[in-house]
>>> print(open('structure.pdb').read())   # PDB, C-alpha atoms and all ligand atoms
MODEL        1
ATOM      1  CA  MET A 577     -30.523  21.609 -12.572
ATOM      2  CA  THR A 578     -29.107  20.070  -9.366
ATOM      3  CA  ALA A 579     -25.331  19.994  -8.865
ATOM      4  CA  PRO A 580     -23.786  16.574  -9.500
ATOM      5  CA  ALA A 581     -23.385  14.581  -6.276
ATOM      6  CA  GLY A 582     -19.981  13.471  -5.046
ATOM      7  CA  VAL A 583     -18.333  10.191  -5.988
ATOM      8  CA  THR A 584     -16.727   8.053  -3.248
ATOM      9  CA  VAL A 585     -14.096   5.429  -3.996
ATOM     10  CA  ARG A 586     -12.877   2.868  -1.468
ATOM     11  CA  VAL A 587      -9.237   1.758  -1.810
ATOM     12  CA  PRO A 588      -7.344  -0.977   0.075
ATOM     13  CA  ALA A 589      -3.981  -1.007   1.816
ATOM     14  CA  LYS A 590      -1.382  -3.592   0.807
ATOM     15  CA  VAL A 591       1.109  -5.903   2.393
ATOM     16  CA  ASN A 592       4.118  -7.183   0.471
ATOM     17  CA  VAL A 593       4.183 -10.937   1.070
ATOM     18  CA  GLN A 594       7.470 -11.005  -0.811
ATOM     19  CA  LEU A 595       9.664  -7.988  -1.434
ATOM     20  CA  ALA A 596      12.856  -9.024  -3.229
ATOM     21  CA  VAL A 597      15.131  -6.033  -3.780
ATOM     22  CA  GLY A 598      17.983  -5.922  -6.286
ATOM     23  CA  ALA A 599      21.080  -3.737  -6.150
ATOM     24  CA  ALA A 600      20.676   0.035  -6.687
ATOM     25  CA  ARG A 601      20.518   0.874 -10.407
ATOM     26  CA  PRO A 602      22.467   3.799 -11.887
ATOM     27  CA  ASP A 603      19.238   5.889 -11.673
ATOM     28  CA  GLY A 604      19.038   5.147  -7.925
ATOM     29  CA  PHE A 605      15.942   2.927  -8.219
ATOM     30  CA  HIS A 606      16.054  -0.769  -7.378
ATOM     31  CA  ASP A 607      14.713  -3.624  -9.478
ATOM     32  CA  LEU A 608      12.105  -5.457  -7.468
ATOM     33  CA  ALA A 609      10.159  -8.670  -7.412
ATOM     34  CA  ASN A 610       7.264  -7.421  -5.368
ATOM     35  CA  VAL A 611       4.343  -9.680  -4.491
ATOM     36  CA  PHE A 612       1.492  -7.416  -3.405
ATOM     37  CA  LEU A 613      -1.569  -8.581  -1.511
ATOM     38  CA  ALA A 614      -4.410  -6.113  -0.907
ATOM     39  CA  VAL A 615      -5.808  -6.194   2.644
ATOM     40  CA  SER A 616      -9.124  -5.040   4.093
ATOM     41  CA  LEU A 617      -7.983  -1.738   5.610
ATOM     42  CA  TYR A 618      -9.394   1.037   3.455
ATOM     43  CA  ASP A 619      -9.209   4.739   2.753
ATOM     44  CA  GLU A 620     -12.195   6.426   1.106
ATOM     45  CA  VAL A 621     -11.703   9.300  -1.305
ATOM     46  CA  THR A 622     -14.727  11.472  -2.144
ATOM     47  CA  ALA A 623     -14.628  13.853  -5.121
ATOM     48  CA  THR A 624     -17.159  16.698  -5.272
ATOM     49  CA  PRO A 625     -17.408  19.622  -7.707
ATOM     50  CA  ALA A 626     -15.513  22.748  -6.614
ATOM     51  CA  ASP A 627     -14.140  25.991  -8.060
ATOM     52  CA  GLU A 628     -10.540  24.857  -7.555
ATOM     53  CA  LEU A 629      -8.544  21.844  -6.383
ATOM     54  CA  THR A 630      -8.793  21.496  -2.584
ATOM     55  CA  ILE A 631      -8.176  18.624  -0.176
ATOM     56  CA  THR A 632      -9.397  17.760   3.307
ATOM     57  CA  CYS A 633      -8.599  14.710   5.392
ATOM     58  CA  GLU A 634     -10.127  13.062   8.444
ATOM     59  CA  GLY A 635      -8.913  10.169  10.593
ATOM     60  CA  PRO A 636      -6.501   9.452  13.445
ATOM     61  CA  ASP A 637      -3.414  10.275  11.313
ATOM     62  CA  ALA A 638      -4.999  13.187   9.400
ATOM     63  CA  ASP A 639      -2.530  15.744  10.756
ATOM     64  CA  LYS A 640       0.325  13.859   9.020
ATOM     65  CA  VAL A 641      -1.262  14.062   5.576
ATOM     66  CA  PRO A 642      -0.190  16.966   3.334
ATOM     67  CA  LEU A 643      -3.161  19.004   2.093
ATOM     68  CA  ASP A 644      -1.292  20.743  -0.728
ATOM     69  CA  ARG A 645      -0.468  19.719  -4.295
ATOM     70  CA  THR A 646       2.113  17.171  -3.035
ATOM     71  CA  ASN A 647      -0.734  14.946  -1.869
ATOM     72  CA  LEU A 648      -0.893  12.008  -4.271
ATOM     73  CA  ALA A 649      -4.666  12.455  -4.543
ATOM     74  CA  ALA A 650      -4.171  16.024  -5.802
ATOM     75  CA  ARG A 651      -1.488  14.922  -8.243
ATOM     76  CA  ALA A 652      -3.802  12.202  -9.565
ATOM     77  CA  ALA A 653      -6.561  14.764 -10.206
ATOM     78  CA  GLU A 654      -4.080  17.071 -11.971
ATOM     79  CA  LEU A 655      -2.642  14.331 -14.198
ATOM     80  CA  LEU A 656      -6.085  13.066 -15.174
ATOM     81  CA  ALA A 657      -7.345  16.575 -15.938
ATOM     82  CA  ALA A 658      -4.203  17.324 -17.990
ATOM     83  CA  ARG A 659      -4.746  14.185 -20.103
ATOM     84  CA  HIS A 660      -8.213  15.447 -21.004
ATOM     85  CA  GLY A 661      -7.275  19.114 -21.350
ATOM     86  CA  ILE A 662      -9.580  20.210 -18.524
ATOM     87  CA  SER A 663      -9.038  22.054 -15.278
ATOM     88  CA  PRO A 664      -8.768  19.915 -12.085
ATOM     89  CA  ASP A 665     -11.522  21.777 -10.237
ATOM     90  CA  VAL A 666     -12.538  19.334  -7.553
ATOM     91  CA  HIS A 667     -12.707  18.970  -3.815
ATOM     92  CA  LEU A 668     -11.149  15.735  -2.581
ATOM     93  CA  HIS A 669     -11.980  14.463   0.897
ATOM     94  CA  ILE A 670      -9.899  11.599   2.250
ATOM     95  CA  ALA A 671     -11.325   9.463   5.065
ATOM     96  CA  LYS A 672      -8.033   7.937   6.174
ATOM     97  CA  ASP A 673      -7.899   4.587   7.916
ATOM     98  CA  ILE A 674      -4.609   3.310   6.420
ATOM     99  CA  PRO A 675      -1.607   4.175   8.640
ATOM    100  CA  VAL A 676       0.395   7.119   7.225
ATOM    101  CA  ALA A 677       4.017   6.422   6.219
ATOM    102  CA  GLY A 678       3.441   2.887   7.484
ATOM    103  CA  GLY A 679       4.639   0.791   4.538
ATOM    104  CA  MET A 680       1.032  -0.036   3.555
ATOM    105  CA  ALA A 681       0.818   2.258   0.503
ATOM    106  CA  GLY A 682      -1.719   4.658   2.020
ATOM    107  CA  GLY A 683      -0.706   7.601  -0.150
ATOM    108  CA  SER A 684      -0.747   5.373  -3.231
ATOM    109  CA  ALA A 685      -4.241   4.210  -2.287
ATOM    110  CA  ASP A 686      -5.429   7.819  -2.172
ATOM    111  CA  GLY A 687      -3.818   8.513  -5.569
ATOM    112  CA  ALA A 688      -5.639   5.570  -7.163
ATOM    113  CA  GLY A 689      -8.859   6.481  -5.337
ATOM    114  CA  ALA A 690      -8.785  10.108  -6.446
ATOM    115  CA  LEU A 691      -8.100   9.060 -10.031
ATOM    116  CA  LEU A 692     -11.137   6.800 -10.165
ATOM    117  CA  ALA A 693     -13.348   9.253  -8.259
ATOM    118  CA  CYS A 694     -12.463  12.178 -10.563
ATOM    119  CA  ASP A 695     -12.873  10.018 -13.658
ATOM    120  CA  ALA A 696     -16.415   9.147 -12.554
ATOM    121  CA  LEU A 697     -17.276  12.683 -11.331
ATOM    122  CA  TRP A 698     -16.095  14.276 -14.575
ATOM    123  CA  GLY A 699     -17.773  11.546 -16.689
ATOM    124  CA  LEU A 700     -14.531  10.884 -18.580
ATOM    125  CA  ASP A 701     -14.677   7.097 -18.896
ATOM    126  CA  THR A 702     -10.891   6.940 -19.284
ATOM    127  CA  PRO A 703      -9.771   3.505 -20.585
ATOM    128  CA  ARG A 704      -8.331   1.226 -17.914
ATOM    129  CA  ASP A 705      -4.890   1.079 -19.565
ATOM    130  CA  VAL A 706      -4.647   4.891 -19.514
ATOM    131  CA  LEU A 707      -5.660   4.964 -15.829
ATOM    132  CA  LEU A 708      -2.906   2.411 -15.136
ATOM    133  CA  GLU A 709      -0.386   4.564 -17.049
ATOM    134  CA  ILE A 710      -1.282   7.569 -14.886
ATOM    135  CA  CYS A 711      -0.981   5.394 -11.770
ATOM    136  CA  ALA A 712       2.548   4.318 -12.777
ATOM    137  CA  GLU A 713       3.448   7.969 -13.288
ATOM    138  CA  LEU A 714       2.202   8.754  -9.772
ATOM    139  CA  GLY A 715       4.321   6.088  -8.070
ATOM    140  CA  SER A 716       5.471   2.465  -8.087
ATOM    141  CA  ASP A 717       2.748   1.213  -5.732
ATOM    142  CA  VAL A 718      -0.184   3.136  -7.248
ATOM    143  CA  PRO A 719      -1.106   0.713 -10.088
ATOM    144  CA  PHE A 720      -1.568  -2.058  -7.533
ATOM    145  CA  SER A 721      -3.880   0.116  -5.416
ATOM    146  CA  LEU A 722      -6.116   0.422  -8.481
ATOM    147  CA  VAL A 723      -6.236  -3.310  -9.282
ATOM    148  CA  GLY A 724      -6.099  -4.881  -5.785
ATOM    149  CA  GLY A 725      -6.288  -8.653  -5.227
ATOM    150  CA  ALA A 726      -2.783 -10.039  -5.544
ATOM    151  CA  ALA A 727      -0.146  -9.221  -8.128
ATOM    152  CA  LEU A 728       3.518  -9.572  -8.921
ATOM    153  CA  GLY A 729       5.175  -6.234  -9.636
ATOM    154  CA  ILE A 730       8.492  -6.115 -11.462
ATOM    155  CA  GLY A 731      10.637  -3.224 -12.653
ATOM    156  CA  ARG A 732      10.233  -0.630  -9.901
ATOM    157  CA  GLY A 733       7.257  -2.765  -8.841
ATOM    158  CA  GLU A 734       4.798  -1.021 -11.182
ATOM    159  CA  ARG A 735       4.725  -3.602 -14.035
ATOM    160  CA  LEU A 736       1.972  -5.854 -12.728
ATOM    161  CA  THR A 737       0.800  -9.376 -13.398
ATOM    162  CA  ALA A 738      -2.345 -10.440 -11.535
ATOM    163  CA  LEU A 739      -1.913 -13.532  -9.379
ATOM    164  CA  PRO A 740      -4.560 -16.128  -8.528
ATOM    165  CA  VAL A 741      -5.404 -16.505  -4.813
ATOM    166  CA  GLY A 742      -7.125 -19.710  -3.665
ATOM    167  CA  GLY A 743      -8.517 -18.601  -0.303
ATOM    168  CA  ALA A 744      -8.717 -15.943   2.384
ATOM    169  CA  PHE A 745      -5.739 -15.093   4.603
ATOM    170  CA  HIS A 746      -6.044 -13.508   8.045
ATOM    171  CA  TRP A 747      -3.700 -10.796   9.263
ATOM    172  CA  VAL A 748      -2.921  -8.548  12.186
ATOM    173  CA  PHE A 749      -1.100  -5.263  11.583
ATOM    174  CA  ALA A 750       0.766  -3.576  14.417
ATOM    175  CA  VAL A 751       0.817   0.166  13.793
ATOM    176  CA  ALA A 752       3.957   1.849  15.135
ATOM    177  CA  ASP A 753       4.293   5.351  16.510
ATOM    178  CA  GLY A 754       5.623   7.609  13.769
ATOM    179  CA  GLY A 755       6.458   6.651  10.211
ATOM    180  CA  LEU A 756       9.546   5.563   8.290
ATOM    181  CA  SER A 757      10.492   7.282   5.063
ATOM    182  CA  THR A 758      10.611   4.821   2.170
ATOM    183  CA  PRO A 759      13.684   6.533   0.566
ATOM    184  CA  ALA A 760      15.489   6.413   3.934
ATOM    185  CA  VAL A 761      14.840   2.665   4.206
ATOM    186  CA  TYR A 762      16.165   2.074   0.667
ATOM    187  CA  GLY A 763      19.192   4.210   1.580
ATOM    188  CA  GLU A 764      19.818   2.003   4.596
ATOM    189  CA  PHE A 765      19.394  -1.101   2.392
ATOM    190  CA  ASP A 766      22.117   0.298   0.089
ATOM    191  CA  ARG A 767      24.363   0.964   3.064
ATOM    192  CA  LEU A 768      23.855  -2.531   4.518
ATOM    193  CA  THR A 769      24.463  -4.242   1.160
ATOM    194  CA  GLU A 770      27.512  -2.197   0.145
ATOM    195  CA  GLY A 771      30.147  -4.573  -1.247
ATOM    196  CA  VAL A 772      27.637  -7.454  -1.174
ATOM    197  CA  ASP A 773      26.714  -9.254  -4.394
ATOM    198  CA  VAL A 774      22.934  -8.629  -4.305
ATOM    199  CA  PRO A 775      21.137 -11.318  -6.373
ATOM    200  CA  GLU A 776      18.626 -10.517  -9.138
ATOM    201  CA  PRO A 777      15.198 -10.262  -7.507
ATOM    202  CA  THR A 778      12.860 -13.115  -8.460
ATOM    203  CA  ALA A 779       9.457 -14.215  -7.193
ATOM    204  CA  SER A 780       9.482 -17.334  -5.033
ATOM    205  CA  PRO A 781       7.635 -20.247  -6.742
ATOM    206  CA  VAL A 782       6.790 -21.662  -3.286
ATOM    207  CA  LEU A 783       5.146 -18.388  -2.283
ATOM    208  CA  LEU A 784       3.171 -18.081  -5.540
ATOM    209  CA  GLU A 785       1.923 -21.655  -5.085
ATOM    210  CA  ALA A 786       0.902 -20.908  -1.474
ATOM    211  CA  LEU A 787      -1.182 -17.963  -2.699
ATOM    212  CA  ARG A 788      -2.700 -19.994  -5.532
ATOM    213  CA  THR A 789      -3.790 -22.796  -3.203
ATOM    214  CA  GLY A 790      -4.776 -20.531  -0.299
ATOM    215  CA  ASP A 791      -2.397 -22.454   1.998
ATOM    216  CA  THR A 792      -1.785 -20.266   5.071
ATOM    217  CA  ASN A 793       0.956 -22.458   6.568
ATOM    218  CA  ALA A 794       2.883 -22.557   3.292
ATOM    219  CA  LEU A 795       2.526 -18.791   2.913
ATOM    220  CA  ALA A 796       3.779 -18.313   6.484
ATOM    221  CA  GLY A 797       6.924 -20.261   5.591
ATOM    222  CA  ALA A 798       7.547 -18.256   2.430
ATOM    223  CA  LEU A 799       6.986 -14.622   3.582
ATOM    224  CA  ALA A 800      10.110 -12.560   2.847
ATOM    225  CA  ASN A 801      11.031  -8.890   2.912
ATOM    226  CA  ASP A 802      14.521  -7.802   1.832
ATOM    227  CA  LEU A 803      13.885  -4.362   3.372
ATOM    228  CA  GLN A 804      13.286  -5.814   6.825
ATOM    229  CA  ALA A 805      16.927  -5.617   7.984
ATOM    230  CA  ALA A 806      17.100  -1.976   6.883
ATOM    231  CA  ALA A 807      13.816  -1.081   8.620
ATOM    232  CA  LEU A 808      14.996  -2.823  11.809
ATOM    233  CA  SER A 809      18.331  -1.050  11.606
ATOM    234  CA  LEU A 810      16.557   2.332  11.488
ATOM    235  CA  ARG A 811      13.930   1.319  14.049
ATOM    236  CA  PRO A 812      15.413  -1.406  16.346
ATOM    237  CA  SER A 813      12.301  -1.356  18.574
ATOM    238  CA  LEU A 814      10.364  -3.181  15.823
ATOM    239  CA  ALA A 815      12.145  -6.417  16.808
ATOM    240  CA  ALA A 816      10.174  -6.442  20.079
ATOM    241  CA  THR A 817       6.891  -6.027  18.166
ATOM    242  CA  LEU A 818       7.756  -8.945  15.864
ATOM    243  CA  THR A 819       8.577 -11.116  18.886
ATOM    244  CA  ALA A 820       5.399 -10.106  20.754
ATOM    245  CA  GLY A 821       3.212 -11.139  17.801
ATOM    246  CA  THR A 822       5.017 -14.435  17.285
ATOM    247  CA  GLU A 823       4.818 -15.278  20.993
ATOM    248  CA  ALA A 824       1.089 -14.497  20.879
ATOM    249  CA  GLY A 825       0.630 -17.245  18.277
ATOM    250  CA  ALA A 826       1.139 -15.640  14.863
ATOM    251  CA  LEU A 827       2.312 -18.160  12.237
ATOM    252  CA  ALA A 828       4.768 -15.630  10.804
ATOM    253  CA  ALA A 829       5.769 -12.011  11.279
ATOM    254  CA  LEU A 830       7.408  -9.491   8.993
ATOM    255  CA  VAL A 831       7.858  -5.789   8.444
ATOM    256  CA  SER A 832       5.260  -4.513   5.955
ATOM    257  CA  GLY A 833       7.097  -3.018   2.956
ATOM    258  CA  SER A 834       9.426  -0.306   4.198
ATOM    259  CA  GLY A 835       7.768  -0.336   7.637
ATOM    260  CA  PRO A 836       7.321   0.557  10.395
ATOM    261  CA  THR A 837       3.977  -1.317  10.347
ATOM    262  CA  THR A 838       4.560  -4.978  11.134
ATOM    263  CA  ALA A 839       2.377  -7.744   9.667
ATOM    264  CA  PHE A 840       1.390 -11.011  11.338
ATOM    265  CA  LEU A 841      -0.127 -13.909   9.418
ATOM    266  CA  VAL A 842      -2.519 -15.925  11.588
ATOM    267  CA  LYS A 843      -4.570 -19.056  11.033
ATOM    268  CA  ASP A 844      -8.108 -17.648  11.323
ATOM    269  CA  ALA A 845     -10.289 -14.754  12.479
ATOM    270  CA  GLU A 846     -10.246 -15.952  16.097
ATOM    271  CA  ALA A 847      -6.438 -16.084  16.177
ATOM    272  CA  ALA A 848      -6.389 -12.599  14.642
ATOM    273  CA  GLU A 849      -8.442 -11.192  17.532
ATOM    274  CA  SER A 850      -6.253 -12.810  20.195
ATOM    275  CA  VAL A 851      -2.958 -11.787  18.546
ATOM    276  CA  ALA A 852      -4.267  -8.225  18.136
ATOM    277  CA  THR A 853      -5.261  -8.086  21.819
ATOM    278  CA  ALA A 854      -1.854  -9.424  22.888
ATOM    279  CA  LEU A 855       0.010  -6.967  20.653
ATOM    280  CA  THR A 856      -1.949  -4.006  21.997
ATOM    281  CA  ALA A 857      -1.305  -5.167  25.580
ATOM    282  CA  SER A 858       2.423  -5.702  24.872
ATOM    283  CA  GLY A 859       3.036  -1.966  24.668
ATOM    284  CA  THR A 860       5.285  -2.531  21.633
ATOM    285  CA  CYS A 861       2.965  -0.771  19.168
ATOM    286  CA  ARG A 862       0.462   2.082  19.022
ATOM    287  CA  THR A 863      -2.452  -0.097  17.993
ATOM    288  CA  ALA A 864      -3.186  -3.403  16.278
ATOM    289  CA  ARG A 865      -5.672  -3.920  13.428
ATOM    290  CA  VAL A 866      -7.127  -7.135  12.036
ATOM    291  CA  ALA A 867      -7.683  -7.584   8.311
ATOM    292  CA  THR A 868      -8.261 -10.220   5.655
ATOM    293  CA  SER A 869      -6.936 -10.640   2.148
ATOM    294  CA  PRO A 870      -7.248 -10.549  -0.765
ATOM    295  CA  ALA A 871      -9.258  -7.294  -0.907
ATOM    296  CA  PRO A 872     -10.665  -5.741  -4.090
ATOM    297  CA  GLY A 873      -8.896  -2.777  -5.711
ATOM    298  CA  ALA A 874     -10.240   0.777  -5.937
ATOM    299  CA  THR A 875     -14.046   0.593  -6.139
ATOM    300  CA  VAL A 876     -16.673   3.296  -6.695
ATOM    301  CA  LEU A 877     -19.190   3.018  -3.838
ATOM    302  CA  PRO A 878     -22.904   3.235  -4.635
ATOM    303  CA  ALA A 879     -24.205   6.806  -4.200
TER     304      ALA A 879
HETATM  305  P1  LIG B 901       4.610   2.844   0.645
HETATM  306  O1  LIG B 901       4.114   1.636   1.375
HETATM  307  O2  LIG B 901       3.995   3.015  -0.715
HETATM  308  O3  LIG B 901       6.098   3.001   0.646
HETATM  309  P2  LIG B 901       3.830   4.336   2.951
HETATM  310  O4  LIG B 901       2.581   3.613   3.307
HETATM  311  O5  LIG B 901       5.057   4.000   3.716
HETATM  312  O6  LIG B 901       4.085   4.141   1.411
HETATM  313  P3  LIG B 901       2.377   6.782   2.778
HETATM  314  O7  LIG B 901       1.307   6.653   3.811
HETATM  315  O8  LIG B 901       1.983   6.579   1.375
HETATM  316  O9  LIG B 901       3.621   5.862   3.116
HETATM  317  O10 LIG B 901       3.032   8.239   2.997
HETATM  318  C1  LIG B 901       4.345   8.549   2.675
HETATM  319  C2  LIG B 901       4.471  10.071   2.618
HETATM  320  O11 LIG B 901       3.768  10.515   1.472
HETATM  321  C3  LIG B 901       3.796  10.786   3.792
HETATM  322  O12 LIG B 901       4.712  11.024   4.818
HETATM  323  C4  LIG B 901       3.284  12.071   3.165
HETATM  324  O13 LIG B 901       4.202  13.126   3.333
HETATM  325  C5  LIG B 901       3.181  11.793   1.680
HETATM  326  N1  LIG B 901       1.805  11.747   1.140
HETATM  327  C6  LIG B 901       1.410  12.266  -0.024
HETATM  328  N2  LIG B 901       0.098  12.018  -0.247
HETATM  329  C7  LIG B 901      -0.355  11.337   0.807
HETATM  330  C8  LIG B 901      -1.627  10.816   1.145
HETATM  331  N3  LIG B 901      -2.703  10.970   0.364
HETATM  332  N4  LIG B 901      -1.733  10.141   2.287
HETATM  333  C9  LIG B 901      -0.646   9.976   3.086
HETATM  334  N5  LIG B 901       0.568  10.475   2.824
HETATM  335  C10 LIG B 901       0.735  11.155   1.681
ENDMDL
END
>>> encode(input="structure.pdb", output="structure tokens", more="lines below")
Ligand code: ATP
Amino acid sequence: MTAPAGVTVRVPAKVNVQLAVGAARPDGFHDLANVFLAVSLYDEVTATPADELTITCEGPDADKVPLDRTNLAARAAELLAARHGISPDVHLHIAKDIPVAGGMAGGSADGAGALLACDALWGLDTPRDVLLEICAELGSDVPFSLVGGAALGIGRGERLTALPVGGAFHWVFAVADGGLSTPAVYGEFDRLTEGVDVPEPTASPVLLEALRTGDTNALAGALANDLQAAALSLRPSLAATLTAGTEAGALAALVSGSGPTTAFLVKDAEAAESVATALTASGTCRTARVATSPAPGATVLPA
């Protein structure tokens, strides 16, 4: 009998087109109204049979990815195996194209990818709702990495409602040198909003309508990230990146999630290329990537 072949799953990055953040709760988490949009930058996670759980990673940021059990891909394999009472004996290889610690949910993508890859490799056929439960246990952004498209996340961002999207949007992402820690950015948000009456986070009806109709100009006017001030406070140099992209013709610019990646909404593919070229030449970022949205969620690739 031949050994079973590996299973490869492709998983998208995300941008938060709206990230409304409430005041810190007693448990330290924040209530969110988080509008996720999956974008066409992908990691690929390949699961192959092995004697024990091991991880390898390739890509420009591979040296920043932990290869131990703290990797979200490893944790996903362990949680799935535990649910089924089996041992998580698998080799996981991550081909990493999503910036690490960039506010684009790269680790979450690998968690969702590993979950789906192991489920297929081990022939478990775990129901979708159970996979989503495991994703929520792994982290607030992981359920969205599984489903992709566009969704509103409430609670810590993990309680998802799929959103209709009426057309394609074009983006440029400026990748910064180094990452920003998501907890540090939330800590800075708490510091900046101390004594301020932070409103309940709610999704913007104008933004949801812009997504539904595929109206790029309306979406540009409605983009909002409550973590942006905190990210800029920790990394003031991001202001120059935002300005460089806007001056190059982007319709709108914002920090992606907790940063330090910055996102630029542009009118079409041609504008994306010229804004990316200008951003790279500006010297205000490490590199610039073009992408479209919405992108599909975690998908098993044909063998
Ligand atoms: P988010 O947008 O969800 O806040 P992020 O994109 O800012 O996340 P990640 O790329 O997910 O950040 O990485 C955050 C940290 O998580 C890394 O610094 C790393 O230590 C850890 N980590 C665990 N698993 C992974 C993984 N598979 N890929 C990258 N980082 C991982």
>>> resolve_selection(input="structure.pdb", expression="the PyMOL selection byres (((chain A and resi 663) around 10) and not hetatm)", output="PyMOL selection string")
chain A and resi 627-629+653-654+656-658+660-662+664-666
>>> write_last_selection(input="structure.pdb", atoms="C-alpha atoms", output="PDB file, in the frame of the given file")
ATOM      1  CA  ASP A 627     -14.140  25.991  -8.060  1.00  0.00           C
ATOM      2  CA  GLU A 628     -10.540  24.857  -7.555  1.00  0.00           C
ATOM      3  CA  LEU A 629      -8.544  21.844  -6.383  1.00  0.00           C
ATOM      4  CA  ALA A 653      -6.561  14.764 -10.206  1.00  0.00           C
ATOM      5  CA  GLU A 654      -4.080  17.071 -11.971  1.00  0.00           C
ATOM      6  CA  LEU A 656      -6.085  13.066 -15.174  1.00  0.00           C
ATOM      7  CA  ALA A 657      -7.345  16.575 -15.938  1.00  0.00           C
ATOM      8  CA  ALA A 658      -4.203  17.324 -17.990  1.00  0.00           C
ATOM      9  CA  HIS A 660      -8.213  15.447 -21.004  1.00  0.00           C
ATOM     10  CA  GLY A 661      -7.275  19.114 -21.350  1.00  0.00           C
ATOM     11  CA  ILE A 662      -9.580  20.210 -18.524  1.00  0.00           C
ATOM     12  CA  PRO A 664      -8.768  19.915 -12.085  1.00  0.00           C
ATOM     13  CA  ASP A 665     -11.522  21.777 -10.237  1.00  0.00           C
ATOM     14  CA  VAL A 666     -12.538  19.334  -7.553  1.00  0.00           C
TER      15      VAL A 666
END
>>> residues_near_ligand(input="structure.pdb", ligand="ligand LIG 901 (chain B)", cutoff="8 Å", atoms="only C-alpha atoms and all ligand atoms", output="ChimeraX atom specification")
/A:590,640-642,646-649,670,672,674-687,715-718,755-758,832-836
>>> write_last_selection(input="structure.pdb", atoms="C-alpha atoms", output="PDB file, in the coordinates of the input")
ATOM      1  CA  LYS A 590      -1.382  -3.592   0.807  1.00  0.00           C
ATOM      2  CA  LYS A 640       0.325  13.859   9.020  1.00  0.00           C
ATOM      3  CA  VAL A 641      -1.262  14.062   5.576  1.00  0.00           C
ATOM      4  CA  PRO A 642      -0.190  16.966   3.334  1.00  0.00           C
ATOM      5  CA  THR A 646       2.113  17.171  -3.035  1.00  0.00           C
ATOM      6  CA  ASN A 647      -0.734  14.946  -1.869  1.00  0.00           C
ATOM      7  CA  LEU A 648      -0.893  12.008  -4.271  1.00  0.00           C
ATOM      8  CA  ALA A 649      -4.666  12.455  -4.543  1.00  0.00           C
ATOM      9  CA  ILE A 670      -9.899  11.599   2.250  1.00  0.00           C
ATOM     10  CA  LYS A 672      -8.033   7.937   6.174  1.00  0.00           C
ATOM     11  CA  ILE A 674      -4.609   3.310   6.420  1.00  0.00           C
ATOM     12  CA  PRO A 675      -1.607   4.175   8.640  1.00  0.00           C
ATOM     13  CA  VAL A 676       0.395   7.119   7.225  1.00  0.00           C
ATOM     14  CA  ALA A 677       4.017   6.422   6.219  1.00  0.00           C
ATOM     15  CA  GLY A 678       3.441   2.887   7.484  1.00  0.00           C
ATOM     16  CA  GLY A 679       4.639   0.791   4.538  1.00  0.00           C
ATOM     17  CA  MET A 680       1.032  -0.036   3.555  1.00  0.00           C
ATOM     18  CA  ALA A 681       0.818   2.258   0.503  1.00  0.00           C
ATOM     19  CA  GLY A 682      -1.719   4.658   2.020  1.00  0.00           C
ATOM     20  CA  GLY A 683      -0.706   7.601  -0.150  1.00  0.00           C
ATOM     21  CA  SER A 684      -0.747   5.373  -3.231  1.00  0.00           C
ATOM     22  CA  ALA A 685      -4.241   4.210  -2.287  1.00  0.00           C
ATOM     23  CA  ASP A 686      -5.429   7.819  -2.172  1.00  0.00           C
ATOM     24  CA  GLY A 687      -3.818   8.513  -5.569  1.00  0.00           C
ATOM     25  CA  GLY A 715       4.321   6.088  -8.070  1.00  0.00           C
ATOM     26  CA  SER A 716       5.471   2.465  -8.087  1.00  0.00           C
ATOM     27  CA  ASP A 717       2.748   1.213  -5.732  1.00  0.00           C
ATOM     28  CA  VAL A 718      -0.184   3.136  -7.248  1.00  0.00           C
ATOM     29  CA  GLY A 755       6.458   6.651  10.211  1.00  0.00           C
ATOM     30  CA  LEU A 756       9.546   5.563   8.290  1.00  0.00           C
ATOM     31  CA  SER A 757      10.492   7.282   5.063  1.00  0.00           C
ATOM     32  CA  THR A 758      10.611   4.821   2.170  1.00  0.00           C
ATOM     33  CA  SER A 832       5.260  -4.513   5.955  1.00  0.00           C
ATOM     34  CA  GLY A 833       7.097  -3.018   2.956  1.00  0.00           C
ATOM     35  CA  SER A 834       9.426  -0.306   4.198  1.00  0.00           C
ATOM     36  CA  GLY A 835       7.768  -0.336   7.637  1.00  0.00           C
ATOM     37  CA  PRO A 836       7.321   0.557  10.395  1.00  0.00           C
TER      38      PRO A 836
END
>>> resolve_selection(input="structure.pdb", expression="the PyMOL selection byres (((chain A and resi 725-742) around 8) and not hetatm)", output="MDAnalysis selection string")
chainID A and resid 605:614 712 715:720 723:724 743:744 779 784 787:791 869:873
>>> residues_near_point(input="structure.pdb", point="(-9.4, -6.2, 8.2)", cutoff="10 Å", atoms="only C-alpha atoms", output="PyMOL selection string")
chain A and resi 588-589+615-618+746-749+845+848+865-869+871
>>> residues_near_point(input="structure.pdb", point="(-11.8, 7.3, 11.8)", cutoff="8 Å", atoms="only C-alpha atoms", output="number ranges by chain")
A: 634-636, 671-673
>>> write_last_selection(input="structure.pdb", atoms="C-alpha atoms", output="short mmCIF file (atom, residue, chain, number, x, y, z; two decimals), in the coordinates of the input")
data_model
loop_
_atom_site.label_atom_id
_atom_site.label_comp_id
_atom_site.auth_asym_id
_atom_site.auth_seq_id
_atom_site.Cartn_x
_atom_site.Cartn_y
_atom_site.Cartn_z
CA GLU A 634 -10.13 13.06 8.44
CA GLY A 635 -8.91 10.17 10.59
CA PRO A 636 -6.50 9.45 13.44
CA ALA A 671 -11.32 9.46 5.07
CA LYS A 672 -8.03 7.94 6.17
CA ASP A 673 -7.90 4.59 7.92
#
